[in-house]
Amino acid sequence: MKDFNYYAPTEVVFGKESEEQVAQLVKKYGGTKVLVHYGGKSAVRSGLLDKICGLLRDGGIEFVTLGGVVPNPRLSLAKEGIDLCRKEGVDFILAVGGGSVIDSSKCIAYGVCFKGDVWDIYLGKAEPKCMLPVASVLTIPAAGSEMSEASVITNEDGDVKLGYSNNMSRPKFAIMNPCRTFTLPPYQTAAGVTDMIMHTMERYFTIDDDMDLTTDLAEAVMRRMMTAVFDVLKNPEDYRQRAQIMWGGSLAHNGLTGCGVSDDWATHQLEHELSGMFDVTHGAGLAAIWPSWARYVMHQNLSRFVRFAVNVMNVPNDFANPEATAIKGIEAMERFYHAIGMPINIKELIGRDITDDEIREMTRKCSRDYQHTCGCLKVLKAEDMEAIYKLARG
Ligand code: NZQ
Ligand code: ZN
């Protein structure tokens with residue numbers, strides 16, 4: 001069993017009236033001048049943005065706003081945010097939106113306190129010493145950034161998407177009102193659930209299988225998300241099931257399902273090249289890669305794939321043929337992806353055949369010019385990455 005530190009400092013304020021507390025929470029965590037950062041349209045259309053601004057105003061908190069964050073958030077907007085925060089003397093960043101808005105906020109928060117180019121942090125060339133505090137009013141359960149230590153930014157110059165993790169970027173608080181997720185389109189709902197299940201699977205498919213409680217928790221999260229998603233696709237205003245999904249998204253990525261085990265993250269790294277190159281929805285990109293990754297690596301820990309098939313996907317255990325059981329589990333997962341409208345290969349994801357040149361380019365980027373490996377269950381070299389992309393082409 002792996003030793004571990006479990007650090008989940010984010011205050012979660014969950015429920016129908018949760019956003020009413022926004023001003024008092026900002027004050028509690030030291031904010032006096034806030035950047036309210038948001039996305040394209042949804043928070044404006046729903047009236048949430050106006051409500052948050054009104055509550056800050058009523059609470060006597062000064063703020064400036066910056067919208068325009070797009071999925072796969074761009075470095076250029078984050079740099080605009082850094083300039084704005086410096087000019088306005090901002091000391092707290094409040095993200096109103098999903099993973100993209102929160103990640104853009106984290107990037108701005110690093111950049112304001114950093115003398116050089118903030119991209120160097122994502123390139124691994126510089127280590128930030130401090131950052132502004134970040135918090136969120138979450139509108140889409142998916143990326144888990146509301147409690148995570150990670151942020152993922154796309155540099156338009158070269159379409160490079162890179163993540164950076166640092167515990168100090170874990171948000172101070174997360175306001176989660178499941179009613180705010182009623183307006184999510186089915187595709188975003190499904191992609192979000194796919195992402196949170198994947199955050200659990202990245203930790204579940206491990207070489208360490210002696211931390212039983214973590215494994216039990218992970219299976220419960222996956223099973224619950226897989227049933228709740230059908231209820232909310234049928235009835236988008238099902239509060240009870242939206243709430244399961246909203247809380248599930250945070251538990252899937254706040255470290256709980258990774259205690260005592262080594263995590264993998266190869267599927268995520270392979271996917272980041274897809275969303276970097278084709279600007280696809282992250283969760284859908286994961287569904288397009290995972291079945292191929294799973295078939296490629298399953299012999300590294302076959303019994304774990306059998307356990308997944310039986311305990312999560314309800315496949316009958318063929319004790320005489322564990323490989324067949326494991327494959328049935330992967331096939332059942334593919335049926336689940338299709339049932340919620342997700343792709344199971346790259347062709348379904350981007351709507352055309354991917355070319356050999358594109359696969360080579362993604363392999364080059366994913367392996368950082370053939371210098372880096374990814375994954376843990378099986379450590380993937382560049383040739384393995386290329387093989388998985390080819391298996392996934394569809
Ligand atoms: O821009 P608006 O109009 O708000 O529309 C958004 C966006 O188009 C829409 N949306 C959000 N809340 C809504 C809504 N539409 C209607 N009603 C609502 N209540 O949903 C779309 C997707 O939003 P986005 O923030 O991009 O989604 P998500 O939370 O999935 O974030 C994806 C990003 O997070 C990164 C991904 O790579 C991707 O860039 N990740 C971040 C992680 C982290 N920081 O820990 C981990 C993840 O693995 C992931 O890599
Ligand atoms: Zn993810």
# chains A, B, ... in the order shown; residues from 1 in each chain; ligands from 1
$ select_by_dssp --residues "segment 8-238 of chain A" --states "helix (DSSP H, G or I)" --output "count of residues only"
107
$ select_by_dssp --residues "segment 78-182 of chain A" --states "strand (DSSP E)" --output "count of residues only"
27
$ residues_around --residues "Ile153 of chain A" --least-positions-apart "3" --cutoff "8 Å" --atoms "only C-alpha atoms" --output "list in words"
Asn72, Pro73, Arg74, Leu75, Asp103, Ser104, Cys107, Tyr122, Lys161, Leu162 and Gly163 of chain A
$ residues_around --residues "Gly40 of chain A" --least-positions-apart "3" --cutoff "10 Å" --atoms "only C-alpha atoms" --output "MDAnalysis selection string"
chainID A and resid 43:45 67:71 97 101
$ closest_residue --among "A:Ile354, A:Met201, A:Arg368, A:Leu274" --to "Met333 of chain A" --atoms "only C-alpha atoms"
A:Met201
$ residues_near_ligand --ligand "ligand 2" --cutoff "9 Å" --atoms "only C-alpha atoms and all ligand atoms" --output "list in words"
Ala142, Ala143, Gly144, Gly192, Thr194, Asp195, Met196, Ile197, Met198, His199, His253, His268, Glu271, His282, Gly283 and Leu286 of chain A
$ write_last_selection --atoms "all heavy atoms" --output "short mmCIF file (atom, residue, chain, number, x, y, z; two decimals), in the first residue's frame"
data_model
loop_
_atom_site.label_atom_id
_atom_site.label_comp_id
_atom_site.auth_asym_id
_atom_site.auth_seq_id
_atom_site.Cartn_x
_atom_site.Cartn_y
_atom_site.Cartn_z
N ALA A 142 -18.00 18.10 -13.56
CA ALA A 142 -17.24 17.40 -14.61
C ALA A 142 -15.77 17.31 -14.22
O ALA A 142 -15.31 16.29 -13.71
CB ALA A 142 -17.39 18.12 -15.95
N ALA A 143 -15.05 18.42 -14.43
CA ALA A 143 -13.59 18.41 -14.32
C ALA A 143 -13.09 18.23 -12.89
O ALA A 143 -11.95 17.80 -12.68
CB ALA A 143 -13.04 19.72 -14.91
N GLY A 144 -13.90 18.60 -11.92
CA GLY A 144 -13.46 18.46 -10.53
C GLY A 144 -12.48 19.54 -10.09
O GLY A 144 -11.94 19.48 -8.98
N GLY A 192 -19.53 15.37 -18.87
CA GLY A 192 -19.11 15.63 -17.50
C GLY A 192 -19.06 14.35 -16.68
O GLY A 192 -18.11 14.09 -15.96
N THR A 194 -18.76 11.35 -17.85
CA THR A 194 -17.65 10.55 -18.39
C THR A 194 -16.33 10.98 -17.76
O THR A 194 -15.49 10.15 -17.38
CB THR A 194 -17.58 10.72 -19.93
OG1 THR A 194 -18.83 10.30 -20.47
CG2 THR A 194 -16.46 9.89 -20.52
N ASP A 195 -16.14 12.29 -17.64
CA ASP A 195 -14.89 12.80 -17.06
C ASP A 195 -14.74 12.36 -15.61
O ASP A 195 -13.69 11.88 -15.18
CB ASP A 195 -14.87 14.33 -17.18
CG ASP A 195 -13.51 14.93 -16.90
OD1 ASP A 195 -12.51 14.18 -16.91
OD2 ASP A 195 -13.42 16.17 -16.67
N MET A 196 -15.83 12.49 -14.83
CA MET A 196 -15.68 12.14 -13.41
C MET A 196 -15.49 10.63 -13.22
O MET A 196 -14.72 10.21 -12.34
CB MET A 196 -16.82 12.70 -12.55
CG MET A 196 -18.19 12.28 -12.95
SD MET A 196 -19.48 13.15 -12.00
CE MET A 196 -19.59 14.72 -12.81
N ILE A 197 -16.15 9.83 -14.05
CA ILE A 197 -15.90 8.38 -13.96
C ILE A 197 -14.44 8.09 -14.32
O ILE A 197 -13.76 7.28 -13.69
CB ILE A 197 -16.87 7.61 -14.88
CG1 ILE A 197 -18.30 7.71 -14.33
CG2 ILE A 197 -16.46 6.13 -15.00
CD1 ILE A 197 -19.37 7.15 -15.26
N MET A 198 -13.95 8.82 -15.32
CA MET A 198 -12.55 8.63 -15.73
C MET A 198 -11.58 9.06 -14.64
O MET A 198 -10.54 8.42 -14.44
CB MET A 198 -12.31 9.45 -17.02
CG MET A 198 -11.05 9.09 -17.75
SD MET A 198 -11.10 7.43 -18.45
CE MET A 198 -9.63 6.78 -17.71
N HIS A 199 -11.90 10.13 -13.92
CA HIS A 199 -11.03 10.54 -12.81
C HIS A 199 -10.95 9.42 -11.77
O HIS A 199 -9.92 9.24 -11.12
CB HIS A 199 -11.55 11.83 -12.15
CG HIS A 199 -11.43 13.02 -13.06
ND1 HIS A 199 -12.18 14.15 -12.91
CD2 HIS A 199 -10.66 13.24 -14.15
CE1 HIS A 199 -11.87 15.02 -13.86
NE2 HIS A 199 -10.96 14.47 -14.63
N HIS A 253 -12.44 13.69 -7.88
CA HIS A 253 -11.15 14.34 -8.23
C HIS A 253 -10.55 15.14 -7.08
O HIS A 253 -9.66 15.96 -7.29
CB HIS A 253 -11.38 15.22 -9.47
CG HIS A 253 -10.12 15.53 -10.22
ND1 HIS A 253 -9.06 14.66 -10.32
CD2 HIS A 253 -9.74 16.63 -10.92
CE1 HIS A 253 -8.10 15.21 -11.05
NE2 HIS A 253 -8.48 16.40 -11.41
N HIS A 268 -5.88 10.47 -19.72
CA HIS A 268 -5.99 11.93 -19.72
C HIS A 268 -4.91 12.57 -20.60
O HIS A 268 -5.17 13.50 -21.36
CB HIS A 268 -5.90 12.47 -18.29
CG HIS A 268 -7.24 12.72 -17.70
ND1 HIS A 268 -8.06 11.71 -17.26
CD2 HIS A 268 -7.94 13.88 -17.49
CE1 HIS A 268 -9.19 12.23 -16.80
NE2 HIS A 268 -9.14 13.54 -16.94
N GLU A 271 -5.64 12.09 -24.14
CA GLU A 271 -6.79 12.91 -24.54
C GLU A 271 -6.42 14.38 -24.69
O GLU A 271 -6.95 15.07 -25.56
CB GLU A 271 -7.93 12.79 -23.51
CG GLU A 271 -9.26 13.39 -23.98
CD GLU A 271 -9.31 14.90 -24.05
OE1 GLU A 271 -8.70 15.57 -23.20
OE2 GLU A 271 -9.97 15.45 -24.96
N HIS A 282 -13.54 17.64 -23.56
CA HIS A 282 -12.60 16.76 -22.85
C HIS A 282 -13.20 15.39 -22.50
O HIS A 282 -12.61 14.34 -22.78
CB HIS A 282 -12.13 17.50 -21.59
CG HIS A 282 -11.39 16.68 -20.60
ND1 HIS A 282 -10.17 16.09 -20.87
CD2 HIS A 282 -11.70 16.33 -19.30
CE1 HIS A 282 -9.77 15.42 -19.79
NE2 HIS A 282 -10.67 15.55 -18.84
N GLY A 283 -14.40 15.37 -21.93
CA GLY A 283 -15.01 14.11 -21.52
C GLY A 283 -15.25 13.18 -22.70
O GLY A 283 -15.03 11.97 -22.61
N LEU A 286 -12.06 11.57 -23.75
CA LEU A 286 -11.67 10.46 -22.87
C LEU A 286 -12.38 9.17 -23.27
O LEU A 286 -11.77 8.09 -23.31
CB LEU A 286 -12.03 10.79 -21.41
CG LEU A 286 -11.27 11.95 -20.76
CD1 LEU A 286 -11.92 12.32 -19.43
CD2 LEU A 286 -9.79 11.61 -20.56
#
$ residues_around --residues "Pro178 of chain A" --least-positions-apart "6" --cutoff "8 Å" --atoms "only C-alpha atoms" --output "ChimeraX atom specification"
/A:15-16,239,242-243,246
$ write_last_selection --atoms "N, CA and C atoms" --output "PDB file, in the first residue's frame"
ATOM      1  N   GLY A  15     -26.078  23.132  -1.993  1.00  0.00           N
ATOM      2  CA  GLY A  15     -27.529  23.159  -1.822  1.00  0.00           C
ATOM      3  C   GLY A  15     -28.206  24.287  -2.573  1.00  0.00           C
ATOM      4  N   LYS A  16     -29.531  24.300  -2.424  1.00  0.00           N
ATOM      5  CA  LYS A  16     -30.352  25.194  -3.253  1.00  0.00           C
ATOM      6  C   LYS A  16     -30.103  26.679  -2.988  1.00  0.00           C
ATOM      7  N   TYR A 239     -33.619  17.043  -9.192  1.00  0.00           N
ATOM      8  CA  TYR A 239     -32.673  17.623  -8.214  1.00  0.00           C
ATOM      9  C   TYR A 239     -31.855  16.531  -7.524  1.00  0.00           C
ATOM     10  N   ARG A 242     -29.255  15.171  -9.950  1.00  0.00           N
ATOM     11  CA  ARG A 242     -28.259  16.221 -10.262  1.00  0.00           C
ATOM     12  C   ARG A 242     -27.313  16.401  -9.077  1.00  0.00           C
ATOM     13  N   ALA A 243     -27.891  16.277  -7.858  1.00  0.00           N
ATOM     14  CA  ALA A 243     -27.065  16.446  -6.651  1.00  0.00           C
ATOM     15  C   ALA A 243     -26.040  15.312  -6.522  1.00  0.00           C
ATOM     16  N   MET A 246     -23.331  16.129  -8.965  1.00  0.00           N
ATOM     17  CA  MET A 246     -22.516  17.290  -8.600  1.00  0.00           C
ATOM     18  C   MET A 246     -21.508  16.936  -7.502  1.00  0.00           C
TER      19      MET A 246
END
$ residues_around --residues "Arg224 of chain A" --least-positions-apart "3" --cutoff "9 Å" --atoms "only C-alpha atoms" --output "MDAnalysis selection string"
chainID A and resid 219:221 227:229 244:245 248
$ write_last_selection --atoms "C-alpha atoms" --output "compact mmCIF listing (two decimals), in the first residue's frame"
# COMPACT_ATOMS: atom_id res chain seq x y z
CA GLU A 219 -16.68 1.48 -7.29
CA ALA A 220 -19.52 3.22 -5.44
CA VAL A 221 -18.75 6.52 -7.17
CA THR A 227 -27.18 5.23 -12.89
CA ALA A 228 -27.74 8.91 -12.03
CA VAL A 229 -26.76 10.06 -15.52
CA GLN A 244 -25.51 12.96 -6.77
CA ILE A 245 -23.66 13.93 -9.92
CA GLY A 248 -19.69 12.83 -7.38
$ closest_residue --among "A:Val112, A:Leu138, A:Leu256, A:Ala150" --to "ligand 1" --atoms "only C-alpha atoms and all ligand atoms"
A:Ala150
$ residues_around --residues "segment 384-394 of chain A" --least-positions-apart "4" --cutoff "6 Å" --atoms "only C-alpha atoms" --output "JSON, numbers by chain"
{"A": [289, 292, 293, 345, 346, 347, 363, 380]}
$ closest_residue --among "A:Trp119, A:Tyr164, A:Trp265, A:Tyr7" --to "Leu377 of chain A" --atoms "only C-alpha atoms"
A:Trp265
$ closest_residue --among "A:Arg335, A:His372, A:Arg170, A:Lys328" --to "ligand 1" --atoms "only C-alpha atoms and all ligand atoms"
A:Arg170
$ closest_residue --among "A:Ala320, A:Ile102, A:Cys130, A:Ala109" --to "ligand 1" --atoms "only C-alpha atoms and all ligand atoms"
A:Ile102
$ closest_residue --among "A:Arg86, A:Lys51, A:Lys106, A:Lys381" --to "ligand 1" --atoms "only C-alpha atoms and all ligand atoms"
A:Lys106
